[in-house]
file coords.txt (compact mmCIF, C-alpha atoms)
# COMPACT_ATOMS: atom_id res chain seq x y z
CA MET A 283 -8.00 10.77 -3.33
CA ARG A 284 -9.77 10.41 -0.02
CA SER A 285 -9.86 7.75 2.67
CA ALA A 286 -11.38 7.64 6.12
CA VAL A 287 -12.40 5.46 9.04
CA VAL A 288 -15.99 6.29 9.96
CA ASP A 289 -18.51 5.17 12.56
CA HIS A 290 -21.69 5.59 10.52
CA PRO A 291 -23.36 3.50 7.80
CA LEU A 292 -21.60 3.68 4.42
CA ASP A 293 -23.15 5.04 1.25
CA PRO A 294 -21.55 3.24 -1.74
CA THR A 295 -23.26 5.36 -4.39
CA ALA A 296 -21.96 8.55 -2.77
CA LEU A 297 -18.37 7.29 -3.10
CA LEU A 298 -19.00 6.26 -6.70
CA ALA A 299 -20.31 9.76 -7.46
CA GLU A 300 -17.31 11.28 -5.67
CA VAL A 301 -14.77 9.63 -8.01
CA ALA A 302 -16.77 9.91 -11.23
CA SER A 303 -15.40 12.07 -14.03
CA THR A 304 -16.07 12.63 -17.72
CA SER A 305 -12.41 11.75 -18.35
CA SER A 306 -13.01 8.27 -16.92
CA GLY A 307 -14.03 5.34 -19.04
CA ALA A 308 -14.60 3.03 -16.10
CA SER A 309 -15.55 3.21 -12.44
CA THR A 310 -15.39 0.26 -10.07
CA LEU A 311 -17.14 -0.06 -6.75
CA PHE A 312 -16.18 -2.65 -4.14
CA VAL A 313 -18.46 -3.18 -1.16
CA GLY A 314 -17.40 -5.56 1.63
CA THR A 315 -20.34 -6.83 3.66
CA VAL A 316 -20.95 -8.91 6.79
CA ARG A 317 -21.48 -12.55 5.83
CA ARG A 318 -23.71 -15.01 7.65
CA VAL A 319 -21.34 -17.99 7.78
CA ASN A 320 -17.62 -17.88 8.54
CA ASP A 321 -15.55 -21.00 9.17
CA GLY A 322 -18.77 -22.99 9.43
CA LYS A 323 -20.10 -20.82 12.26
CA ASP A 324 -23.39 -18.94 12.20
CA VAL A 325 -22.49 -15.24 12.42
CA THR A 326 -25.07 -12.74 13.68
CA GLY A 327 -22.95 -9.57 13.66
CA ILE A 328 -19.45 -8.14 13.86
CA ASP A 329 -17.81 -5.50 16.06
CA TYR A 330 -15.21 -3.63 14.03
CA SER A 331 -12.60 -1.62 15.90
CA ALA A 332 -9.56 0.32 14.73
CA TYR A 333 -6.41 2.01 15.95
CA GLY A 334 -7.88 5.22 14.55
CA PRO A 335 -4.90 7.46 13.74
CA MET A 336 -2.74 4.63 12.42
CA ALA A 337 -5.62 3.09 10.43
CA GLU A 338 -6.24 6.44 8.73
CA ALA A 339 -2.51 6.91 8.04
CA GLU A 340 -2.13 3.40 6.62
CA LEU A 341 -5.26 3.77 4.48
CA ALA A 342 -3.92 7.04 3.07
CA THR A 343 -0.56 5.40 2.32
CA ILE A 344 -2.20 2.50 0.47
CA VAL A 345 -4.42 4.86 -1.54
CA ALA A 346 -1.36 6.94 -2.50
CA GLU A 347 0.47 3.76 -3.56
CA ALA A 348 -2.47 2.69 -5.74
CA ALA A 349 -2.69 6.16 -7.28
CA ALA A 350 0.99 6.13 -8.22
CA ARG A 351 0.98 2.54 -9.39
CA PHE A 352 -2.17 2.55 -11.51
CA GLY A 353 -2.29 6.17 -12.59
CA THR A 354 -5.46 7.62 -11.11
CA GLU A 355 -6.13 9.91 -8.20
CA ARG A 356 -9.87 9.27 -8.46
CA ILE A 357 -10.02 6.93 -5.46
CA ALA A 358 -12.29 7.07 -2.41
CA VAL A 359 -12.21 4.58 0.48
CA GLU A 360 -14.25 4.43 3.68
CA HIS A 361 -13.91 1.74 6.35
CA ARG A 362 -16.61 1.54 8.97
CA VAL A 363 -16.12 0.71 12.65
CA GLY A 364 -18.71 -0.16 15.28
CA THR A 365 -21.23 -3.00 15.52
CA LEU A 366 -22.52 -4.17 12.13
CA THR A 367 -25.34 -6.57 11.39
CA LEU A 368 -25.61 -9.10 8.56
CA GLY A 369 -25.41 -7.58 5.10
CA GLU A 370 -24.15 -4.19 6.27
CA ALA A 371 -21.16 -2.70 4.45
CA SER A 372 -17.87 -2.63 6.35
CA ILE A 373 -15.82 -1.11 3.54
CA VAL A 374 -16.47 0.75 0.31
CA ILE A 375 -13.79 1.39 -2.32
CA ALA A 376 -14.53 3.45 -5.43
CA VAL A 377 -12.02 3.88 -8.25
CA SER A 378 -12.39 5.74 -11.51
CA HIS A 379 -9.90 5.57 -14.38
CA ALA A 380 -9.66 6.26 -18.09
CA ARG A 381 -9.30 2.51 -18.66
CA ARG A 382 -11.22 -0.41 -17.14
CA ALA A 383 -8.26 -2.76 -16.66
CA ALA A 384 -6.38 -0.23 -14.55
CA ALA A 385 -9.52 0.59 -12.54
CA MET A 386 -10.04 -3.08 -11.72
CA ASP A 387 -6.36 -3.69 -10.94
CA ALA A 388 -6.30 -0.68 -8.60
CA GLN A 389 -9.46 -1.92 -6.88
CA ARG A 390 -7.93 -5.34 -6.27
CA TYR A 391 -4.67 -3.84 -5.01
CA LEU A 392 -6.52 -1.57 -2.58
CA ILE A 393 -8.67 -4.23 -0.92
CA GLU A 394 -5.85 -6.78 -0.67
CA GLU A 395 -3.40 -4.30 0.88
CA ILE A 396 -6.05 -2.90 3.23
CA LYS A 397 -6.79 -6.41 4.50
CA LYS A 398 -3.09 -7.04 5.12
CA ARG A 399 -2.00 -3.75 6.62
CA VAL A 400 -4.69 -1.49 8.09
CA PRO A 401 -5.03 -1.91 11.87
CA VAL A 402 -8.69 -2.85 12.04
CA TRP A 403 -10.02 -5.83 13.96
CA LYS A 404 -13.26 -7.71 14.03
CA ARG A 405 -14.97 -9.70 16.74
CA GLU A 406 -17.67 -11.96 15.40
CA HIS A 407 -20.87 -12.65 17.30
CA TYR A 408 -22.27 -16.15 16.83
CA ALA A 409 -25.79 -17.52 17.06
CA ASP A 410 -24.83 -19.51 20.19
CA GLY A 411 -24.04 -16.24 22.02
CA SER A 412 -20.25 -16.59 21.90
CA ARG A 413 -17.88 -13.95 20.48
CA GLU A 414 -14.44 -14.34 19.01
CA TRP A 415 -11.68 -12.12 17.60
CA VAL A 416 -10.96 -13.07 14.02
CA ASP A 417 -7.31 -14.00 13.42
CA PRO A 418 -6.59 -14.48 9.71
CA THR A 419 -3.12 -15.80 10.60
CA ALA A 420 -4.45 -18.59 12.82
CA VAL A 421 -3.90 -22.16 11.71
CA PRO A 422 -7.32 -23.84 11.35
CA ALA A 423 -8.00 -26.22 14.23
CA MET B 60 12.79 2.83 31.10
CA GLU B 61 9.03 2.72 31.67
CA LEU B 62 6.85 2.86 28.57
CA ASP B 63 3.07 2.93 28.09
CA VAL B 64 2.06 0.64 25.23
CA LEU B 65 -1.37 0.73 23.54
CA LEU B 66 -3.37 -2.51 23.29
CA PHE B 67 -6.13 -3.49 20.87
CA ALA B 68 -8.56 -6.30 20.12
CA SER B 69 -7.64 -9.68 21.66
CA TRP B 70 -4.70 -8.22 23.60
CA ALA B 71 -6.80 -5.43 25.15
CA GLU B 72 -9.52 -7.90 26.08
CA ALA B 73 -7.15 -10.49 27.57
CA LEU B 74 -5.22 -7.93 29.65
CA GLY B 75 -8.37 -6.00 30.53
CA ALA B 76 -6.84 -2.63 29.56
CA GLN B 77 -6.36 -0.27 26.63
CA GLN B 78 -2.72 0.23 27.60
CA VAL B 79 -0.06 -1.22 29.86
CA ARG B 80 3.10 0.22 31.36
CA LEU B 81 6.11 -1.95 30.60
CA SER B 82 9.58 -1.90 32.15
CA LEU B 83 12.19 -1.97 29.42
CA PRO B 84 16.00 -2.06 29.40
CA SER B 85 17.82 1.20 28.66
CA GLU B 86 17.96 2.14 24.96
CA PRO B 87 15.17 -0.34 24.18
CA ARG B 88 14.24 -1.68 20.78
CA VAL B 89 10.98 -3.05 19.46
CA ALA B 90 12.08 -6.61 20.26
CA ASP B 91 12.35 -5.59 23.95
CA VAL B 92 8.78 -4.24 23.84
CA LEU B 93 7.53 -7.54 22.43
CA ALA B 94 9.41 -9.58 25.01
CA ALA B 95 8.09 -7.48 27.90
CA ALA B 96 4.53 -7.60 26.51
CA GLU B 97 4.64 -11.36 26.14
CA ALA B 98 5.94 -11.69 29.68
CA ARG B 99 3.02 -9.52 30.86
CA ALA B 100 0.55 -11.68 28.95
CA GLY B 101 1.76 -14.70 30.92
CA GLY B 102 0.50 -17.93 29.47
CA ARG B 103 -2.58 -16.47 27.80
CA PRO B 104 -3.06 -17.89 24.30
CA LEU B 105 -2.72 -14.67 22.31
CA PRO B 106 -1.69 -14.19 18.70
CA ARG B 107 1.79 -12.74 18.20
CA PRO B 108 1.43 -9.00 17.52
CA LEU B 109 3.40 -6.60 15.37
CA VAL B 110 4.60 -3.37 16.96
CA ALA B 111 3.83 0.11 15.67
CA VAL B 112 5.94 3.12 16.63
CA ASN B 113 4.34 6.50 15.94
CA HIS B 114 1.67 4.93 13.69
CA ARG B 115 4.09 2.94 11.52
CA TYR B 116 4.95 -0.75 11.62
CA ALA B 117 8.40 -1.15 13.15
CA LYS B 118 11.07 -3.83 12.80
CA PRO B 119 12.46 -5.71 15.83
CA ASP B 120 15.66 -3.62 15.83
CA THR B 121 13.87 -0.24 15.65
CA PRO B 122 14.83 1.90 18.67
CA VAL B 123 12.06 3.06 21.00
CA ARG B 124 12.38 6.43 22.71
CA ALA B 125 10.53 8.15 25.52
CA GLY B 126 7.55 9.97 24.08
CA ASP B 127 7.06 7.55 21.16
CA GLU B 128 3.53 6.25 20.69
CA VAL B 129 4.00 2.49 20.80
CA ALA B 130 1.21 0.00 20.10
CA LEU B 131 0.84 -3.77 19.86
CA ILE B 132 -0.95 -4.69 16.63
CA PRO B 133 -2.59 -8.14 16.77
CA PRO B 134 -3.27 -9.80 13.38
CA VAL B 135 -5.46 -7.34 11.47
CA ALA B 136 -8.82 -8.36 10.04
CA GLY B 137 -10.28 -5.33 8.30
CA GLY B 138 -12.00 -5.03 4.98
call {"tool": "encode", "arguments": {"input": "coords.txt", "output": "structure tokens"}}
result
Amino acid sequence: MRSAVVDHPLDPTALLAEVASTSSGASTLFVGTVRRVNDGKDVTGIDYSAYGPMAEAELATIVAEAAARFGTERIAVEHRVGTLTLGEASIVIAVSHARRAAAMDAQRYLIEEIKKRVPVWKREHYADGSREWVDPTAVPA
Amino acid sequence: MELDVLLFASWAEALGAQQVRLSLPSEPRVADVLAAAEARAGGRPLPRPLVAVNHRYAKPDTPVRAGDEVALIPPVAGG
């Protein structure tokens, strides 16, 4: 198991190789990327920032939960911070397991819990020059 | 008791600082930190944060002690 918050571009295939094993029948790779349109607005980039020590602690907790719950320690997660442009990866999650169903369930658990709990924030840049902190709890206007 | 509280994202931007010093009642709890922070924010339209004590999310009745690392956690948006 390994998880980290990093400030350099992510390498999905490196994480996939890191978790691979001949005892695994399935490996899953999730890559979250910066999308052009959010809430109808034209996004040009995103600043990701984190509360570093807590983000790393919370990531490690979630990875340990997934390992215990789904029965594999072959999990690697990296979350990137800094300014990302369209299409760049903000998060990579690699899971390897003897069985595909458990690998996919663990993958889903990891990304959903990370989105809910890890103290990372994003400020979107829009084509009109404005910038805004994304608040997933906000009621749409 | 005076306590330095870490700020992030929208809260750091609105208050123009990475941390603020708050005056809290004696034997404060997390709810006192939130109340003092919201008073400091004045009428700014900020999302309600959670509070972390020593890198863990804390409940409103969690005690806060001198030397704890306390942070306001605005709604997270990672992934």
call {"tool": "residues_around", "arguments": {"input": "coords.txt", "residues": "region 288-305 of chain A", "least_positions_apart": "4", "cutoff": "7 Å", "atoms": "all atoms listed in the file", "output": "PyMOL selection string"}}
result
chain A and resi 309+311+356-358+360-364+371+374+376-378+380
call {"tool": "atom_distance", "arguments": {"input": "coords.txt", "atom1": "CA of Lys397 (chain A)", "atom2": "CA of Phe312 (chain A)"}}
result
13.3 Å
call {"tool": "interface_residues", "arguments": {"input": "coords.txt", "of": "chain B", "to": "chain A", "cutoff": "6 Å", "atoms": "only C-alpha atoms", "output": "count of residues only"}}
result
6
call {"tool": "residues_around", "arguments": {"input": "coords.txt", "residues": "region 87-93 of chain B", "least_positions_apart": "3", "cutoff": "6 Å", "atoms": "only C-alpha atoms", "output": "VMD selection string"}}
result
chain B and resid 84 96 119 to 123
call {"tool": "write_last_selection", "arguments": {"input": "coords.txt", "atoms": "C-alpha atoms", "output": "compact mmCIF listing (two decimals), keeping the file's coordinate frame"}}
result
# COMPACT_ATOMS: atom_id res chain seq x y z
CA PRO B 84 16.00 -2.06 29.40
CA ALA B 96 4.53 -7.60 26.51
CA PRO B 119 12.46 -5.71 15.83
CA ASP B 120 15.66 -3.62 15.83
CA THR B 121 13.87 -0.24 15.65
CA PRO B 122 14.83 1.90 18.67
CA VAL B 123 12.06 3.06 21.00
call {"tool": "atom_distance", "arguments": {"input": "coords.txt", "atom1": "CA of Gly322 (chain A)", "atom2": "CA of Ser69 (chain B)"}}
result
21.2 Å
call {"tool": "build_atoms", "arguments": {"input": "coords.txt", "residues": "region 90-114 of chain B", "atoms": "N, CA and C atoms", "output": "tab-separated table (two decimals), keeping the file's coordinate frame"}}
result
chain	number	residue	atom	x	y	z
B	90	ALA	N	12.03	-5.22	19.77
B	90	ALA	CA	12.08	-6.61	20.26
B	90	ALA	C	11.95	-6.65	21.79
B	91	ASP	N	12.47	-5.63	22.49
B	91	ASP	CA	12.35	-5.59	23.95
B	91	ASP	C	10.89	-5.33	24.36
B	92	VAL	N	10.20	-4.50	23.57
B	92	VAL	CA	8.78	-4.24	23.84
B	92	VAL	C	7.98	-5.53	23.72
B	93	LEU	N	8.25	-6.28	22.64
B	93	LEU	CA	7.53	-7.54	22.43
B	93	LEU	C	7.80	-8.54	23.55
B	94	ALA	N	9.06	-8.63	23.96
B	94	ALA	CA	9.41	-9.58	25.01
B	94	ALA	C	8.72	-9.21	26.32
B	95	ALA	N	8.72	-7.91	26.64
B	95	ALA	CA	8.09	-7.48	27.90
B	95	ALA	C	6.57	-7.67	27.83
B	96	ALA	N	5.99	-7.44	26.66
B	96	ALA	CA	4.53	-7.60	26.51
B	96	ALA	C	4.16	-9.07	26.65
B	97	GLU	N	4.96	-9.94	26.05
B	97	GLU	CA	4.64	-11.36	26.14
B	97	GLU	C	4.81	-11.88	27.55
B	98	ALA	N	5.79	-11.32	28.27
B	98	ALA	CA	5.94	-11.69	29.68
B	98	ALA	C	4.70	-11.25	30.46
B	99	ARG	N	4.21	-10.04	30.16
B	99	ARG	CA	3.02	-9.52	30.86
B	99	ARG	C	1.79	-10.37	30.56
B	100	ALA	N	1.71	-10.88	29.33
B	100	ALA	CA	0.55	-11.68	28.95
B	100	ALA	C	0.55	-13.04	29.64
B	101	GLY	N	1.69	-13.41	30.23
B	101	GLY	CA	1.76	-14.70	30.92
B	101	GLY	C	1.49	-15.82	29.94
B	102	GLY	N	0.73	-16.79	30.36
B	102	GLY	CA	0.50	-17.93	29.47
B	102	GLY	C	-0.73	-17.80	28.61
B	103	ARG	N	-1.33	-16.59	28.57
B	103	ARG	CA	-2.58	-16.47	27.80
B	103	ARG	C	-2.33	-16.80	26.32
B	104	PRO	N	-3.25	-17.52	25.71
B	104	PRO	CA	-3.06	-17.89	24.30
B	104	PRO	C	-3.42	-16.73	23.38
B	105	LEU	N	-2.46	-15.84	23.14
B	105	LEU	CA	-2.72	-14.67	22.31
B	105	LEU	C	-1.91	-14.74	21.03
B	106	PRO	N	-2.46	-14.20	19.94
B	106	PRO	CA	-1.69	-14.19	18.70
B	106	PRO	C	-0.51	-13.24	18.82
B	107	ARG	N	0.58	-13.57	18.15
B	107	ARG	CA	1.79	-12.74	18.20
B	107	ARG	C	1.50	-11.42	17.47
B	108	PRO	N	1.72	-10.29	18.15
B	108	PRO	CA	1.43	-9.00	17.52
B	108	PRO	C	2.63	-8.44	16.76
B	109	LEU	N	2.36	-7.48	15.89
B	109	LEU	CA	3.40	-6.60	15.37
B	109	LEU	C	3.46	-5.40	16.31
B	110	VAL	N	4.48	-4.58	16.14
B	110	VAL	CA	4.60	-3.37	16.96
B	110	VAL	C	4.61	-2.16	16.04
B	111	ALA	N	3.82	-1.15	16.41
B	111	ALA	CA	3.83	0.11	15.67
B	111	ALA	C	4.47	1.18	16.55
B	112	VAL	N	5.34	1.98	15.94
B	112	VAL	CA	5.94	3.12	16.63
B	112	VAL	C	5.52	4.37	15.86
B	113	ASN	N	4.83	5.26	16.57
B	113	ASN	CA	4.34	6.50	15.94
B	113	ASN	C	3.55	6.22	14.66
B	114	HIS	N	2.63	5.25	14.76
B	114	HIS	CA	1.67	4.93	13.69
B	114	HIS	C	2.29	4.25	12.48
